[in-house]
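Written out below as structure tokens is the structure these notes cover.
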Amino acid sequence: MSAQVITITSGKGGVGKTTATANLAVALAQMNKKVVSIDGDIGLRNLDVVMGLENRIVYDLVDVVEGRCKLRQAMIRDKRFPELFLIPAAQTRDKTAVSPKDMVRLCDELRPEFDWILIDSPAGIERGFRNAIAPADMILVVTNPEVSAVRDADRIIGLIEADQKGPGKLVINRVKPAMVKRGDMLSTEDIVDVLAIDLIGIVPEDETVLIASNQGRAAVLDNRSKAGKAFTNIALRLNGEEVPFVELDDRDGFFDRILKLGRAGGDS
Amino acid sequence: MKPSLQIKGVHDALIITVDDGEWSEVRPALIESIRAQQEFFHGARIALQLGDRALGAAEMGGLRYTLARMDITFAAIISTHPATQEAAADLGIQLGLEHRPAEDPLETQAADTEISGDDAVFIQRTLRSGNNVRFPGHVIVLGDVNPGAEIVAGGNIIIWGRLRGVVHAGAAGDESACICALELAPTQLRLAGHVAVSPPRPRKPKPEIALIRSGELIAEEWRRSGSH
């Protein structure tokens, strides 16, 4: 077993990286995969809160990097899934505490034991971002259907490509189909037009996400959650399954064309 | 009269044909011409076509040193004069270029149909937000220019795709420069000293050219004849 390392990043803050990381981690664990998620947002850690594991933190990522504890000691087992772990970030330090080389070394140590390593990247394009993408085999770029988020996603994709880690796959999060229909919100087509990378998921705006995260649960655990379903579909696609995109707004058979793009080959 | 500078690119080197004349006049003029296009020559390998000129080792070595200080490699000479050839051998400068065909193509006069062009950089990808291109000549992009990308060119800017970023053509002051795009929808457009913002674009975009006419920056649909 050798894990695939996926970094979830965006450029823009608040678009849903942490939500995506938590939900994908749980979705993959539900499929009986061995998963470890790593919070790369040192100083502003959130992944622990969203996964409901904040009061179990004894050691964190920086403790491991600085040699104060063994890797295993910093890994927190999830409450519901015995093969799902979290390595939390430090809250009292900042991004300079860890270097890209540290992250690569850490992931190399984890690879033999897991199927998936998910890294929650912080917002921005500086050290935290660089740390998070260093060990990545694949990068998921999360964006919202909103002009400044798309602008930042474009920048991020440019940086990833320049680092030979591109092109990445796109997750469009917090889509409101009614607004798209009215023309008040960017459509999937508009976004993919600019960003020009493969789409791996479209997640609708959904109250259940907020409710779940407040409870330290992932939305994928809620059968009624549309967003949860969308994240589960992304997890299935990561595992190589072809899942048609949830019909949110199928203008001009756009999704049929997207599906054909996905099947036609390329290195998706 | 200032000797002219003839340049021909072959494989990985540039062949400069040096005119006849007194070396004491030809040499400074040669250096001056190269210095005027220093950006173009930066990092280049050059070969000097000296014909039957006699050039000693001291002169050749001095020239090599001067060129090296401009980051130009004096890689080879092409010469029919035995003294020049010997000097080159002494200095370790290659005589002739590799892959040279049997007859020297430079001996033939340029055919009337040959057209010399301008320097341009060609980019075959979409420029993303944050990418920027700066070039003293023309810039040609086969792809889109996304919002947040920037191109600054001394010459023209041709985008075979969607132009949505910021572009500045004729950046050194050339008002005859132009900007062409399959879809002209830049965040901001600059031509020489003029700045303009795009008006809202039509639903079905057509190829357009932006240029300065009668002192004003305008954009119009591309005419097939290319007459603007």
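In the structure tokens, each chain is lettered A, B, ... as it comes, each chain's residues begin at 1, and ligands are numbered from 1 in order of appearance.
Those residues of chain A that fall within 10 Å of chain B when using only C-alpha atoms read Val150, Arg151, Asp152, Ala153, Asp154, Arg155, Ile156, Ile157, Gly158, Leu159, Glu161, Ala162, Asp193, Val194, Leu195 and Ala196 of chain A.
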Could the residues in this selection be written to a file with C-alpha atoms, as a tab-separated table (two decimals), in the first residue's frame?
```
chain	number	residue	atom	x	y	z
A	150	VAL	CA	-12.09	32.33	-9.64
A	151	ARG	CA	-9.37	34.95	-10.05
A	152	ASP	CA	-7.48	33.51	-7.10
A	153	ALA	CA	-8.00	29.96	-8.34
A	154	ASP	CA	-6.49	30.95	-11.67
A	155	ARG	CA	-3.45	32.35	-9.87
A	156	ILE	CA	-3.09	29.20	-7.83
A	157	ILE	CA	-3.35	26.97	-10.89
A	158	GLY	CA	-0.66	29.08	-12.55
A	159	LEU	CA	1.61	28.58	-9.53
A	161	GLU	CA	1.68	24.51	-13.11
A	162	ALA	CA	4.90	26.49	-12.69
A	193	ASP	CA	-13.89	28.41	-19.42
A	194	VAL	CA	-11.43	30.56	-17.50
A	195	LEU	CA	-9.70	27.95	-15.36
A	196	ALA	CA	-9.44	25.28	-18.05
```
Considering only strand (DSSP E or B) as DSSP defines it on the backbone, what residues of region 8-166 of chain B qualify? List them as an mmCIF file with C-alpha atoms, in the first residue's frame.
```
data_model
loop_
_atom_site.group_PDB
_atom_site.id
_atom_site.type_symbol
_atom_site.label_atom_id
_atom_site.label_comp_id
_atom_site.auth_asym_id
_atom_site.auth_seq_id
_atom_site.Cartn_x
_atom_site.Cartn_y
_atom_site.Cartn_z
ATOM 1 C CA LYS B 8 21.304 35.163 -39.692
ATOM 2 C CA GLY B 9 20.120 32.571 -37.226
ATOM 3 C CA VAL B 10 21.213 28.976 -37.762
ATOM 4 C CA ALA B 13 23.970 30.283 -33.157
ATOM 5 C CA LEU B 14 23.654 33.657 -34.827
ATOM 6 C CA ILE B 15 25.950 34.376 -37.743
ATOM 7 C CA ILE B 16 26.931 38.014 -38.017
ATOM 8 C CA THR B 17 28.375 39.061 -41.342
ATOM 9 C CA VAL B 18 30.827 41.860 -40.837
ATOM 10 C CA ARG B 45 26.232 32.190 -29.313
ATOM 11 C CA ILE B 46 27.533 34.107 -32.295
ATOM 12 C CA ALA B 47 29.713 33.279 -35.240
ATOM 13 C CA LEU B 48 31.438 36.003 -37.214
ATOM 14 C CA GLN B 49 31.527 35.773 -40.980
ATOM 15 C CA LEU B 50 34.809 37.482 -41.732
ATOM 16 C CA GLY B 51 35.183 36.517 -45.373
ATOM 17 C CA THR B 73 29.614 33.740 -26.537
ATOM 18 C CA PHE B 74 31.955 34.213 -29.476
ATOM 19 C CA ALA B 75 31.622 30.628 -30.590
ATOM 20 C CA ALA B 76 32.993 30.446 -34.120
ATOM 21 C CA ILE B 77 34.344 32.266 -37.131
ATOM 22 C CA ILE B 78 33.869 31.682 -40.808
ATOM 23 C CA SER B 79 36.918 32.758 -42.693
ATOM 24 C CA GLN B 94 35.768 27.035 -33.699
ATOM 25 C CA LEU B 95 36.399 27.377 -37.393
ATOM 26 C CA ALA B 120 8.806 38.396 -31.571
ATOM 27 C CA VAL B 121 8.292 36.032 -28.704
ATOM 28 C CA PHE B 122 5.810 33.256 -29.205
ATOM 29 C CA ILE B 123 3.919 31.776 -26.280
ATOM 30 C CA LEU B 127 -1.537 33.037 -19.499
ATOM 31 C CA ASN B 132 3.468 38.360 -16.955
ATOM 32 C CA VAL B 133 5.413 38.740 -20.183
ATOM 33 C CA ARG B 134 7.778 41.575 -20.987
ATOM 34 C CA PHE B 135 9.474 41.817 -24.373
ATOM 35 C CA HIS B 138 6.202 41.739 -30.531
ATOM 36 C CA VAL B 139 4.345 39.214 -28.398
ATOM 37 C CA ILE B 140 2.212 36.463 -29.867
ATOM 38 C CA VAL B 141 0.095 34.229 -27.664
ATOM 39 C CA LEU B 142 -1.619 31.065 -28.846
ATOM 40 C CA VAL B 145 -4.889 35.776 -21.511
ATOM 41 C CA GLU B 150 -0.114 41.091 -17.963
ATOM 42 C CA ILE B 151 1.759 41.604 -21.233
ATOM 43 C CA VAL B 152 4.079 44.529 -21.912
ATOM 44 C CA ALA B 153 5.536 44.662 -25.411
ATOM 45 C CA ILE B 157 0.491 42.100 -29.226
ATOM 46 C CA ILE B 158 -1.389 39.356 -31.020
ATOM 47 C CA ILE B 159 -3.630 37.049 -29.022
ATOM 48 C CA TRP B 160 -4.997 34.021 -30.823
ATOM 49 C CA GLY B 161 -7.564 33.494 -28.118
ATOM 50 C CA ARG B 162 -9.457 35.495 -25.538
ATOM 51 C CA LEU B 163 -7.805 38.626 -24.223
ATOM 52 C CA VAL B 166 -3.982 43.812 -19.096
#
```
Give me, as a PDB file with C-alpha atoms, in the first residue's frame, all polymer residues having an atom no more than 10 Å from Arg105 (chain A), counting only C-alpha atoms and skipping those fewer than 3 positions away in the same chain.
```pdb
ATOM      1  CA  VAL A  65       8.643  18.336  12.750  1.00  0.00           C
ATOM      2  CA  PRO A 100       8.276  22.101   2.334  1.00  0.00           C
ATOM      3  CA  LYS A 101      11.015  19.510   2.949  1.00  0.00           C
ATOM      4  CA  ASP A 102       9.501  18.698   6.340  1.00  0.00           C
ATOM      5  CA  ASP A 108       7.028   9.749   2.904  1.00  0.00           C
ATOM      6  CA  GLU A 109       6.873   8.318   6.406  1.00  0.00           C
ATOM      7  CA  LEU A 110       3.089   8.019   6.197  1.00  0.00           C
ATOM      8  CA  ALA A 134       5.315  20.139  -1.719  1.00  0.00           C
ATOM      9  CA  PRO A 135       4.392  16.464  -1.115  1.00  0.00           C
TER      10      PRO A 135
END
```
Checklist entry - Could you pull the residues within 6 Å of Gly137 (chain B), counting only C-alpha atoms, minus those fewer than 5 positions along the same chain, as a list in words? => result Asp119, Ala120, Gly154 and Gly155 of chain B
Checklist entry - Which of chain B counts as alpha helix (DSSP H) under DSSP, as a ChimeraX atom specification please? => result /B:23-36,38-41,57-69,82-91
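Our summary of the geometry notes that CA of Glu208 (chain B) is positioned 11.7 Å from CA of Pro186 (chain B).
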Item to check | Long-range neighbours of region 195-202 of chain B as a ChimeraX atom specification, 12 Å cut-off, only C-alpha atoms, 4 positions minimum in chain | outcome: /B:162-171,183-191,206-208,210-212,216-221
Generate the output file for the selected residues, C-alpha atoms, as a PDB file, in the first residue's frame.
```
ATOM      1  CA  ARG B 162      -9.457  35.495 -25.538  1.00  0.00           C
ATOM      2  CA  LEU B 163      -7.805  38.626 -24.223  1.00  0.00           C
ATOM      3  CA  ARG B 164      -9.072  39.387 -20.731  1.00  0.00           C
ATOM      4  CA  GLY B 165      -5.967  40.588 -18.931  1.00  0.00           C
ATOM      5  CA  VAL B 166      -3.982  43.812 -19.096  1.00  0.00           C
ATOM      6  CA  VAL B 167      -1.854  44.478 -22.176  1.00  0.00           C
ATOM      7  CA  HIS B 168       0.449  47.309 -23.126  1.00  0.00           C
ATOM      8  CA  ALA B 169       1.623  47.419 -26.729  1.00  0.00           C
ATOM      9  CA  GLY B 170       4.073  49.980 -28.086  1.00  0.00           C
ATOM     10  CA  ALA B 171       5.264  50.280 -24.510  1.00  0.00           C
ATOM     11  CA  GLU B 183     -11.905  38.131 -28.496  1.00  0.00           C
ATOM     12  CA  LEU B 184     -10.868  41.569 -27.332  1.00  0.00           C
ATOM     13  CA  ALA B 185     -12.154  41.966 -23.776  1.00  0.00           C
ATOM     14  CA  PRO B 186      -9.186  43.219 -21.760  1.00  0.00           C
ATOM     15  CA  THR B 187      -9.402  44.441 -18.205  1.00  0.00           C
ATOM     16  CA  GLN B 188      -7.353  47.383 -19.448  1.00  0.00           C
ATOM     17  CA  LEU B 189      -5.707  48.175 -22.741  1.00  0.00           C
ATOM     18  CA  ARG B 190      -2.663  50.363 -23.155  1.00  0.00           C
ATOM     19  CA  LEU B 191      -1.156  51.482 -26.438  1.00  0.00           C
ATOM     20  CA  LYS B 206     -15.457  38.697 -33.340  1.00  0.00           C
ATOM     21  CA  PRO B 207     -11.744  39.163 -33.969  1.00  0.00           C
ATOM     22  CA  GLU B 208     -10.791  42.770 -33.370  1.00  0.00           C
ATOM     23  CA  ALA B 210      -7.050  47.992 -31.324  1.00  0.00           C
ATOM     24  CA  LEU B 211      -4.894  50.801 -32.650  1.00  0.00           C
ATOM     25  CA  ILE B 212      -4.331  54.522 -32.552  1.00  0.00           C
ATOM     26  CA  GLU B 216      -7.302  58.239 -30.509  1.00  0.00           C
ATOM     27  CA  LEU B 217      -7.265  54.682 -29.238  1.00  0.00           C
ATOM     28  CA  ILE B 218      -9.969  52.736 -31.042  1.00  0.00           C
ATOM     29  CA  ALA B 219     -10.960  49.131 -31.574  1.00  0.00           C
ATOM     30  CA  GLU B 220     -12.620  47.799 -34.649  1.00  0.00           C
ATOM     31  CA  GLU B 221     -13.556  44.505 -36.211  1.00  0.00           C
TER      32      GLU B 221
END
```
Checklist entry - What gap, in Å, lies between CA of Gly216 (chain A) and CA of Val243 (chain A)? => result 27.6 Å
Next on the checklist: Using only C-alpha atoms, which protein or nucleic acid residues come within 7 Å of Val220 (chain A)? Drop anything in the same chain fewer than 5 positions from it, and give the result as JSON, numbers by chain.
Outcome noted: {"A": [23, 27, 225, 228, 229, 231, 232]}
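Counting from CA of Leu210 (chain A), the distance to CA of Gly240 (chain A) is 28.8 Å.
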Next on the checklist: Using only C-alpha atoms, can you tell me which of A:Ser148, A:Thr188, A:Asn32, A:Ser99 comes closest to Ile133 (chain A)?
Outcome noted: A:Ser99
Item to check | Test item: residues at most 8 Å from Glu113 (chain A), only C-alpha atoms, excluding those fewer than 5 positions along its chain, as a VMD selection string | outcome: chain A and resid 1 to 3 34
